[in-house]
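One file, my_file37.txt, carrying compact mmCIF, C-alpha atoms:
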```
# COMPACT_ATOMS: atom_id res chain seq x y z
CA MET A 1 -7.00 -23.64 -12.46
CA SER A 2 -8.57 -21.14 -14.85
CA LEU A 3 -10.88 -18.32 -14.02
CA LYS A 4 -14.45 -19.04 -15.01
CA THR A 5 -15.57 -16.92 -17.92
CA SER A 6 -19.15 -16.90 -16.62
CA SER A 7 -18.18 -14.56 -13.76
CA PRO A 8 -19.38 -10.99 -14.33
CA GLN A 9 -16.61 -8.60 -15.37
CA LEU A 10 -15.98 -5.02 -14.24
CA ARG A 11 -16.18 -2.18 -16.78
CA ARG A 12 -12.97 -0.66 -18.17
CA GLU A 13 -13.09 3.04 -17.24
CA LEU A 14 -9.54 4.00 -16.15
CA GLY A 15 -6.94 5.67 -18.40
CA VAL A 16 -3.29 6.50 -17.60
CA VAL A 17 -4.14 9.65 -15.65
CA GLY A 18 -6.88 7.97 -13.65
CA ALA A 19 -4.70 4.94 -12.86
CA THR A 20 -1.78 7.20 -11.88
CA VAL A 21 -4.02 9.17 -9.55
CA MET A 22 -5.20 5.91 -7.98
CA GLY A 23 -1.57 4.91 -7.44
CA LEU A 24 -0.60 8.26 -5.92
CA GLY A 25 -3.67 8.20 -3.72
CA SER A 26 -2.67 4.77 -2.43
CA ILE A 27 1.00 5.66 -1.84
CA ILE A 28 1.00 9.21 -0.52
CA GLY A 29 -0.45 8.87 2.94
CA THR A 30 0.57 6.85 5.98
CA GLY A 31 4.03 6.22 4.51
CA VAL A 32 5.18 9.78 4.08
CA PHE A 33 3.26 11.31 7.00
CA VAL A 34 3.98 8.59 9.58
CA SER A 35 6.55 5.94 8.60
CA ILE A 36 9.37 8.37 7.81
CA GLY A 37 9.29 9.32 11.49
CA ILE A 38 9.24 5.68 12.63
CA ALA A 39 12.12 4.83 10.29
CA ALA A 40 14.11 7.85 11.50
CA GLY A 41 13.78 6.54 15.06
CA ILE A 42 15.32 3.26 13.89
CA ALA A 43 18.03 4.36 11.43
CA GLY A 44 18.82 7.92 12.55
CA ASN A 45 19.65 10.35 9.76
CA ALA A 46 20.47 7.34 7.57
CA VAL A 47 16.70 7.16 7.09
CA ILE A 48 17.37 9.07 3.85
CA LEU A 49 19.37 6.07 2.65
CA ALA A 50 16.55 3.77 3.75
CA VAL A 51 14.08 5.82 1.70
CA MET A 52 16.30 5.36 -1.36
CA ILE A 53 16.75 1.61 -0.79
CA GLY A 54 13.02 1.21 -0.38
CA ALA A 55 12.51 3.09 -3.63
CA ILE A 56 14.96 0.90 -5.56
CA VAL A 57 13.24 -2.29 -4.38
CA ALA A 58 9.86 -0.74 -5.13
CA ILE A 59 10.93 0.12 -8.69
CA CYS A 60 11.79 -3.53 -9.34
CA ASN A 61 8.46 -4.62 -7.93
CA GLY A 62 6.58 -1.88 -9.74
CA LEU A 63 7.96 -2.87 -13.14
CA ASN A 64 7.31 -6.55 -12.47
CA SER A 65 3.77 -5.71 -11.35
CA ALA A 66 3.34 -3.72 -14.55
CA GLN A 67 4.62 -6.68 -16.56
CA LEU A 68 2.11 -9.02 -14.92
CA ALA A 69 -0.84 -6.65 -15.04
CA ALA A 70 -0.24 -5.92 -18.72
CA ASN A 71 -0.13 -9.65 -19.56
CA HIS A 72 -2.99 -10.67 -17.28
CA PRO A 73 -5.27 -7.63 -16.75
CA VAL A 74 -7.84 -8.86 -14.23
CA SER A 75 -8.76 -7.78 -10.72
CA GLY A 76 -6.84 -9.56 -7.98
CA GLY A 77 -3.20 -8.57 -8.54
CA SER A 78 -0.60 -11.13 -7.44
CA TYR A 79 -3.32 -13.47 -6.24
CA GLU A 80 -4.31 -13.98 -9.88
CA TYR A 81 -0.71 -13.89 -11.12
CA GLY A 82 0.28 -16.64 -8.69
CA TYR A 83 -2.51 -18.86 -9.94
CA LYS A 84 -1.76 -18.24 -13.62
CA TYR A 85 2.04 -18.44 -13.62
CA LEU A 86 2.87 -20.48 -10.47
CA ASN A 87 0.39 -22.67 -8.56
CA SER A 88 -2.72 -22.45 -6.40
CA TRP A 89 -0.75 -22.53 -3.14
CA LEU A 90 1.40 -19.52 -3.99
CA GLY A 91 -1.55 -17.74 -5.60
CA PHE A 92 -3.63 -18.16 -2.46
CA THR A 93 -0.72 -17.10 -0.23
CA ALA A 94 -0.37 -13.88 -2.22
CA GLY A 95 -4.05 -13.07 -1.84
CA TRP A 96 -4.01 -14.00 1.85
CA MET A 97 -0.96 -11.82 2.55
CA PHE A 98 -2.55 -8.92 0.68
CA LEU A 99 -5.76 -9.11 2.71
CA LEU A 100 -3.84 -9.26 6.01
CA ALA A 101 -1.33 -6.55 5.20
CA LYS A 102 -3.61 -4.03 3.62
CA SER A 103 -6.45 -4.44 6.09
CA ALA A 104 -3.97 -3.50 8.80
CA SER A 105 -2.66 -0.62 6.69
CA ALA A 106 -6.19 0.65 6.12
CA ALA A 107 -6.89 0.62 9.85
CA THR A 108 -3.63 2.52 10.40
CA ALA A 109 -4.66 5.10 7.81
CA ALA A 110 -8.05 5.56 9.47
CA LEU A 111 -6.46 6.07 12.87
CA GLY A 112 -3.87 8.38 11.32
CA PHE A 113 -6.62 10.49 9.79
CA ALA A 114 -8.38 10.71 13.13
CA GLY A 115 -5.18 11.62 14.96
CA TYR A 116 -4.23 14.38 12.52
CA PHE A 117 -7.77 15.74 12.50
CA LEU A 118 -8.05 15.86 16.28
CA ASN A 119 -4.57 17.35 16.59
CA ALA A 120 -5.38 20.06 14.04
CA THR A 121 -8.68 20.98 15.69
CA GLY A 122 -7.32 20.83 19.24
CA LEU A 123 -10.00 18.36 20.37
CA ASP A 124 -9.40 15.78 23.09
CA ALA A 125 -8.29 12.59 21.34
CA SER A 126 -8.80 10.22 24.28
CA GLY A 127 -12.42 9.41 23.55
CA LEU A 128 -12.85 10.49 19.94
CA LEU A 129 -9.96 8.82 18.12
CA VAL A 130 -11.56 5.42 17.47
CA PRO A 131 -15.12 6.70 16.77
CA LEU A 132 -13.78 9.23 14.27
CA ALA A 133 -11.64 6.57 12.58
CA LEU A 134 -14.66 4.28 12.31
CA ALA A 135 -16.72 7.10 10.83
CA ALA A 136 -14.03 7.66 8.20
CA VAL A 137 -14.00 3.96 7.26
CA ILE A 138 -17.78 3.91 6.82
CA ALA A 139 -17.86 7.16 4.83
CA ILE A 140 -15.16 6.00 2.41
CA ALA A 141 -16.87 2.63 2.02
CA VAL A 142 -20.06 4.41 0.94
CA ILE A 143 -18.09 6.26 -1.75
CA VAL A 144 -16.53 3.00 -2.99
CA LEU A 145 -19.96 1.37 -3.14
CA ASN A 146 -20.97 4.04 -5.63
CA GLY A 147 -18.47 2.77 -8.22
CA ILE A 148 -14.95 3.35 -9.56
CA ARG A 149 -15.74 6.49 -11.56
CA ARG A 150 -17.06 8.43 -8.57
CA SER A 151 -14.24 7.05 -6.41
CA ASN A 152 -11.69 8.38 -8.90
CA ARG A 153 -13.19 11.88 -8.87
CA VAL A 154 -12.93 12.00 -5.10
CA ASN A 155 -9.39 10.63 -5.36
CA ILE A 156 -8.25 13.43 -7.68
CA ILE A 157 -9.26 16.01 -5.07
CA ILE A 158 -7.57 14.08 -2.26
CA VAL A 159 -4.29 13.57 -4.14
CA SER A 160 -4.14 17.21 -5.27
CA VAL A 161 -4.44 18.53 -1.71
CA SER A 162 -1.97 15.98 -0.32
CA VAL A 163 0.72 16.63 -2.94
CA PHE A 164 0.34 20.40 -2.55
CA SER A 165 0.90 20.17 1.22
CA LEU A 166 4.06 18.09 0.73
CA ILE A 167 5.42 20.48 -1.91
CA PHE A 168 4.72 23.29 0.56
CA PHE A 169 6.64 21.32 3.22
CA ILE A 170 9.66 20.78 0.95
CA PHE A 171 10.01 24.34 -0.33
CA GLY A 172 8.97 25.93 2.97
CA GLY A 173 11.62 23.96 4.82
CA ILE A 174 14.57 24.70 2.54
CA PRO A 175 15.83 27.75 4.52
CA THR A 176 15.72 25.86 7.83
CA ALA A 177 17.29 22.76 6.25
CA ILE A 178 20.16 24.82 4.84
CA ALA A 179 20.75 26.51 8.20
CA LYS A 180 20.75 23.29 10.27
CA GLY A 181 21.53 20.61 7.69
CA GLY A 182 25.27 20.51 8.33
CA GLU A 183 24.65 19.54 11.93
CA ASN A 184 21.72 17.16 11.41
CA LEU A 185 22.73 15.37 8.21
CA THR A 186 26.34 14.46 8.98
CA PRO A 187 27.66 12.00 9.75
CA PHE A 188 25.22 9.17 8.89
CA ASN A 189 24.70 7.39 12.21
CA GLY A 190 22.67 4.30 11.32
CA SER A 191 24.05 0.75 11.48
CA VAL A 192 23.61 -1.68 8.59
CA ALA A 193 20.96 -3.60 10.53
CA SER A 194 19.02 -0.45 11.42
CA VAL A 195 19.11 0.82 7.83
CA LEU A 196 17.82 -2.51 6.50
CA HIS A 197 15.07 -2.54 9.15
CA ALA A 198 14.08 1.00 8.21
CA SER A 199 14.26 0.11 4.50
CA ALA A 200 11.72 -2.68 5.04
CA LEU A 201 9.35 -0.21 6.68
CA MET A 202 9.91 2.41 4.00
CA PHE A 203 9.29 -0.13 1.25
CA VAL A 204 5.71 -0.41 2.50
CA ALA A 205 5.38 3.34 2.03
CA TYR A 206 5.84 2.86 -1.73
CA THR A 207 3.59 -0.14 -2.28
CA GLY A 208 0.41 1.67 -3.25
CA TYR A 209 1.33 1.15 -6.91
CA GLY A 210 -0.06 -2.36 -6.42
CA ARG A 211 -3.55 -0.84 -6.42
CA ILE A 212 -3.03 -0.05 -10.10
CA ALA A 213 -2.40 -3.72 -10.79
CA THR A 214 -5.38 -4.90 -8.74
CA LEU A 215 -7.57 -2.57 -10.83
CA GLY A 216 -6.28 -4.11 -14.07
CA GLU A 217 -9.72 -5.34 -15.06
CA GLU A 218 -11.00 -1.76 -15.05
CA ALA A 219 -8.16 -0.15 -17.08
CA LYS A 220 -8.53 0.85 -20.72
CA ASN A 221 -5.90 -0.81 -22.94
CA PRO A 222 -4.22 -2.33 -19.85
CA ARG A 223 -1.02 -3.48 -21.59
CA GLN A 224 -0.09 0.17 -22.19
CA THR A 225 -2.02 1.96 -19.46
CA ILE A 226 -0.81 -0.02 -16.44
CA PRO A 227 2.98 0.05 -17.06
CA LYS A 228 2.90 3.78 -17.87
CA ALA A 229 0.81 4.58 -14.80
CA ILE A 230 3.08 2.59 -12.46
CA VAL A 231 6.30 4.15 -13.80
CA VAL A 232 4.91 7.70 -13.61
CA THR A 233 3.55 7.06 -10.12
CA MET A 234 6.90 5.75 -8.86
CA ILE A 235 8.90 8.65 -10.27
CA ILE A 236 6.62 11.24 -8.65
CA THR A 237 6.57 9.39 -5.34
CA MET A 238 10.35 8.95 -5.13
CA LEU A 239 10.97 12.64 -5.72
CA VAL A 240 8.45 13.61 -3.05
CA TYR A 241 9.69 11.08 -0.44
CA VAL A 242 13.38 11.87 -0.81
CA GLY A 243 12.61 15.58 -0.66
CA VAL A 244 10.42 15.26 2.44
CA ALA A 245 12.86 12.98 4.29
CA THR A 246 15.85 15.21 3.56
CA ILE A 247 14.10 18.41 4.62
CA ALA A 248 12.59 16.86 7.76
CA VAL A 249 15.86 15.35 9.01
CA ALA A 250 17.90 18.43 8.10
CA ALA A 251 15.45 20.74 9.87
CA ILE A 252 14.99 19.05 13.25
CA GLY A 253 17.26 16.00 13.29
CA ALA A 254 16.42 12.32 13.08
CA GLU A 255 16.22 11.83 16.85
CA LYS A 256 13.50 14.40 17.35
CA LEU A 257 11.68 13.20 14.25
CA GLY A 258 11.73 9.63 15.53
CA GLU A 259 10.60 10.58 19.02
CA SER A 260 7.55 12.38 17.68
CA ALA A 261 6.47 9.27 15.77
CA VAL A 262 7.02 6.81 18.63
CA THR A 263 5.38 8.85 21.38
CA GLY A 264 2.38 9.74 19.25
CA GLN A 265 2.27 13.20 20.83
CA ALA A 266 2.47 14.86 17.43
CA ALA A 267 2.77 13.90 13.77
CA PRO A 268 6.46 13.77 12.74
CA LEU A 269 6.16 16.16 9.81
CA GLU A 270 4.04 18.52 11.86
CA VAL A 271 6.84 18.77 14.41
CA ALA A 272 9.25 19.59 11.60
CA VAL A 273 7.06 22.20 9.93
CA ARG A 274 6.70 24.11 13.19
CA SER A 275 10.44 24.77 13.10
CA PHE A 276 10.09 26.54 9.74
CA GLY A 277 8.49 29.59 11.37
CA ILE A 278 5.81 29.86 8.66
CA PRO A 279 2.45 31.16 9.94
CA GLY A 280 -0.24 28.54 9.35
CA GLY A 281 2.32 25.99 8.17
CA ALA A 282 1.26 23.31 10.64
CA GLN A 283 -2.38 23.72 9.61
CA ILE A 284 -1.56 23.42 5.90
CA LEU A 285 0.39 20.23 6.50
CA ALA A 286 -2.36 18.82 8.73
CA ILE A 287 -4.96 19.37 5.99
CA GLY A 288 -2.73 17.56 3.51
CA ALA A 289 -2.22 14.68 5.95
CA ILE A 290 -5.95 14.40 6.60
CA PHE A 291 -6.72 14.22 2.89
CA ALA A 292 -3.84 11.79 2.29
CA MET A 293 -5.04 9.35 4.94
CA LEU A 294 -8.52 9.41 3.44
CA GLY A 295 -6.99 8.78 0.01
CA VAL A 296 -5.08 5.76 1.30
CA LEU A 297 -8.22 4.44 2.96
CA LEU A 298 -10.22 4.90 -0.25
CA ASN A 299 -7.70 3.07 -2.40
CA LEU A 300 -7.10 0.29 0.09
CA ILE A 301 -10.82 -0.49 0.32
CA LEU A 302 -10.91 -0.51 -3.50
CA GLY A 303 -7.90 -2.82 -3.77
CA LEU A 304 -8.91 -5.15 -0.93
CA SER A 305 -12.42 -5.59 -2.29
CA ARG A 306 -11.06 -6.46 -5.76
CA VAL A 307 -8.75 -9.12 -4.33
CA LEU A 308 -11.59 -10.56 -2.25
CA LEU A 309 -13.71 -10.50 -5.43
CA ALA A 310 -11.06 -12.59 -7.21
CA MET A 311 -10.75 -15.01 -4.28
CA GLY A 312 -14.53 -15.43 -4.22
CA ARG A 313 -14.51 -16.27 -7.93
CA ARG A 314 -12.09 -19.14 -7.26
CA ARG A 315 -13.93 -20.23 -4.10
CA ASP A 316 -10.89 -19.52 -1.96
CA MET A 317 -13.40 -17.33 -0.15
CA PRO A 318 -17.22 -17.65 -0.07
CA ARG A 319 -18.84 -17.18 -3.50
CA ILE A 320 -20.93 -14.26 -2.29
CA PHE A 321 -17.82 -12.07 -2.63
CA ALA A 322 -17.76 -12.73 -6.39
CA ARG A 323 -21.07 -10.96 -6.93
CA LEU A 324 -21.24 -7.50 -8.53
CA ASN A 325 -23.95 -4.88 -8.27
CA GLN A 326 -26.51 -4.54 -11.08
CA SER A 327 -24.44 -1.98 -13.01
CA GLY A 328 -21.33 -4.20 -12.90
CA THR A 329 -19.17 -1.52 -11.29
CA THR A 330 -18.77 -2.70 -7.67
CA PRO A 331 -18.35 -5.99 -5.78
CA THR A 332 -20.77 -4.91 -3.06
CA ALA A 333 -20.42 -7.88 -0.69
CA ALA A 334 -16.62 -7.72 -0.90
CA VAL A 335 -16.59 -3.99 -0.09
CA ILE A 336 -18.84 -4.51 2.93
CA ALA A 337 -16.71 -7.42 4.17
CA VAL A 338 -13.38 -5.58 4.00
CA THR A 339 -14.98 -2.54 5.63
CA MET A 340 -16.02 -4.70 8.58
CA ILE A 341 -12.53 -6.21 8.87
CA ILE A 342 -10.90 -2.78 8.83
CA ALA A 343 -13.38 -1.53 11.44
CA VAL A 344 -12.44 -4.39 13.77
CA LEU A 345 -8.73 -3.60 13.36
CA VAL A 346 -9.42 0.05 14.12
CA LEU A 347 -10.84 -1.08 17.45
CA ILE A 348 -7.92 -3.32 18.45
CA GLY A 349 -4.90 -2.31 16.31
CA ASN A 350 -1.63 -0.75 17.43
CA VAL A 351 -0.18 1.65 14.86
CA LYS A 352 3.52 0.82 15.20
CA THR A 353 3.02 -2.95 15.35
CA THR A 354 0.52 -2.83 12.50
CA TRP A 355 3.00 -1.00 10.26
CA SER A 356 5.73 -3.56 10.97
CA PHE A 357 3.29 -6.41 10.32
CA SER A 358 2.35 -4.76 7.04
CA ALA A 359 6.04 -4.63 6.09
CA PHE A 360 6.56 -8.38 6.49
CA THR A 361 3.34 -9.48 4.80
CA VAL A 362 3.70 -7.02 1.93
CA LEU A 363 7.28 -8.16 1.28
CA ILE A 364 6.12 -11.79 1.12
CA TYR A 365 3.31 -10.74 -1.21
CA TYR A 366 5.73 -9.02 -3.58
CA SER A 367 8.15 -11.94 -3.40
CA ILE A 368 5.40 -13.99 -5.04
CA THR A 369 4.79 -11.15 -7.51
CA ASN A 370 8.40 -11.23 -8.63
CA LEU A 371 8.43 -15.03 -8.83
CA ALA A 372 5.32 -14.91 -11.03
CA ALA A 373 6.92 -12.27 -13.26
CA PHE A 374 9.98 -14.50 -13.65
CA ALA A 375 7.70 -17.27 -14.99
CA ILE A 376 6.34 -15.17 -17.88
CA PRO A 377 7.49 -16.62 -21.23
CA SER A 378 10.29 -14.68 -22.95
CA GLN A 379 8.18 -13.82 -26.00
CA GLU A 380 5.60 -12.09 -23.80
CA ARG A 381 7.98 -10.08 -21.62
CA LEU A 382 8.23 -6.30 -21.39
CA TYR A 383 11.27 -6.35 -19.06
CA PRO A 384 14.26 -8.74 -18.60
CA LYS A 385 14.15 -11.70 -16.21
CA TRP A 386 17.01 -10.40 -14.07
CA LEU A 387 14.67 -7.67 -12.85
CA SER A 388 12.35 -10.35 -11.46
CA ILE A 389 15.23 -12.12 -9.72
CA LEU A 390 16.50 -8.88 -8.19
CA GLY A 391 13.04 -7.98 -6.90
CA LEU A 392 12.49 -11.47 -5.45
CA LEU A 393 15.80 -11.58 -3.58
CA ALA A 394 15.43 -8.02 -2.28
CA CYS A 395 11.94 -8.67 -0.90
CA LEU A 396 12.86 -11.94 0.82
CA PHE A 397 16.00 -10.35 2.27
CA LEU A 398 14.24 -7.29 3.70
CA ALA A 399 11.24 -9.25 5.04
CA PHE A 400 13.22 -10.77 7.91
CA TRP A 401 14.80 -7.52 9.13
CA VAL A 402 11.60 -6.54 10.96
CA GLU A 403 11.17 -7.55 14.61
CA PRO A 404 11.37 -11.36 15.06
CA PHE A 405 7.96 -11.48 16.74
CA VAL A 406 6.37 -9.86 13.70
CA TRP A 407 7.74 -12.28 11.10
CA GLN A 408 7.08 -15.26 13.36
CA VAL A 409 3.42 -14.29 13.63
CA GLY A 410 3.39 -13.68 9.88
CA LEU A 411 4.71 -17.17 9.13
CA ALA A 412 2.14 -18.69 11.49
CA LEU A 413 -0.65 -16.88 9.66
CA ILE A 414 0.65 -18.13 6.31
CA VAL A 415 0.35 -21.70 7.62
CA ALA A 416 -3.16 -21.00 8.95
CA GLY A 417 -4.17 -19.55 5.59
CA LEU A 418 -2.88 -22.58 3.68
CA ILE A 419 -4.86 -24.89 5.97
CA TRP A 420 -7.98 -22.85 5.16
CA HIS A 421 -7.12 -23.00 1.45
CA THR A 422 -6.93 -26.81 1.58
CA VAL A 423 -10.30 -27.05 3.31
CA ALA A 424 -11.93 -24.53 0.95
CA GLN A 425 -10.68 -26.35 -2.14
CA LYS A 426 -12.01 -29.68 -0.87
CA LEU A 427 -15.39 -28.17 -0.04
CA GLY A 428 -15.47 -26.46 -3.42
CA GLY A 429 -14.71 -29.72 -5.19
CA GLU A 430 -17.52 -31.50 -3.38
CA SER A 431 -20.15 -28.83 -4.14
```

As structure tokens - that is how I would like this structure written.
Amino acid sequence: MSLKTSSPQLRRELGVVGATVMGLGSIIGTGVFVSIGIAAGIAGNAVILAVMIGAIVAICNGLNSAQLAANHPVSGGSYEYGYKYLNSWLGFTAGWMFLLAKSASAATAALGFAGYFLNATGLDASGLLVPLALAAVIAIAVIVLNGIRRSNRVNIIIVSVSVFSLIFFIFGGIPTAIAKGGENLTPFNGSVASVLHASALMFVAYTGYGRIATLGEEAKNPRQTIPKAIVVTMIITMLVYVGVATIAVAAIGAEKLGESAVTGQAAPLEVAVRSFGIPGGAQILAIGAIFAMLGVLLNLILGLSRVLLAMGRRRDMPRIFARLNQSGTTPTAAVIAVTMIIAVLVLIGNVKTTWSFSAFTVLIYYSITNLAAFAIPSQERLYPKWLSILGLLACLFLAFWVEPFVWQVGLALIVAGLIWHTVAQKLGGES
């Protein structure tokens, strides 16, 4: 089923730097500031190994995403790739999984922003957490509605502050890590099952590079821009994540790091930075976390709206979501719709459960990505087929190491989505 050429197209305004910044803004946020603590509570000090495993799987997926986006540079990511290289059922499933996973992630980022902000200011979080999170969602949506160029300028500021705070954390924590690392880093105390579970959660922390692919329609010279941006983004992110995880575990131990994430009494990295004895250190990290969460929220709303735009074009979702504003820079109806969905999840979502749900659905999404990359003809390939096979097997393997309840609900929602897809296609054919 081909994409109709009569649909309005988004302008190409992103270069390598802009696309890389979008990727970093999507990745550096909830993953590094929250999920490292959750994963440490599961895998102990072997969380460092989980971070590395997650990175290896993410590299495979990143390169396969780059391959697909370079060959088929339109908005929609693996939703479009599934349709082009596989079939409508797998294409729809990819889009459906993306909407579910990233809406939940966006709600988590909004709540994370609110929690860090209230913690940093010393305000009572009991009655302000949800209203502040909702305010953040609305404010970011307004920025996105003003177009990709303005969104990217805001993103540059957000990413710069976030990366600076993490570099401060790494270098500021080296003395403490050296002093206590021998005790806290050895021996590795995670079981195979716990490491794989933690790896699934950490994989989600790397998956923001997918935003680069979903913005393929807006990239200049996408066949060169997108692969370069994804590779650069992954290299930077891996270095930061491994550094942060090592310093955090070495400084305070995996048990304390995990407890701080589960109880919600304090942000995991904030607990660690307090042990460094640096005046104002906790405040610097909190500012970085606040900006990072806003960056994740910004890029998730961008990515979600572009996937909904693509689904509207194919009538997998109502056609109103395929409409652009007069300047051709923003799918207004799609942005408003995803903002409303995220707002609802802010009201009812649980952070820990949401992150686990994101892990399963994102891994299924990228399984389809890898399968689509495998189907690319040999003469059009940038990377070998074995990379697609490795990514596919790794994603399917890790997906079922999350809690059984999570993947069971995920499978049920896949079935529900396919039922909707069947109905939508029949209605579309009759209209």

Distance query Thr246 of chain A at most 7 Å, all atoms listed in the file, self and fewer than 4 positions along chain excluded, as a PyMOL selection string: chain A and resi 48+242+250

Residue with smallest distance to Ala94 of chain A - pool A:Ser378, A:Asn325, A:Ser388, A:Thr369, counting only C-alpha atoms: A:Thr369

From A:Pro131, A:Gly243, A:Asn71, A:Gln408, residue lying nearest Glu380 of chain A [all atoms listed in the file]: A:Asn71

Pick from A:Leu427, A:Ala55, A:Leu118, A:Val130, whichever lies nearest to Ala343 of chain A using all atoms listed in the file: A:Val130

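Among A:Pro227, A:Pro331, A:Pro187, A:Gly18, the residue with the shortest atom-to-atom distance to Gly303 of chain A, counting all atoms listed in the file, is A:Pro331.
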
Nearest residue to Lys228 of chain A from the set A:Ala46, A:Ile414, A:Val240, A:Ala70 (distances using all atoms listed in the file): A:Ala70

Å distance separating atom CA of Thr361 of chain A from atom CA of Met238 of chain A, one decimal place: 22.1 Å
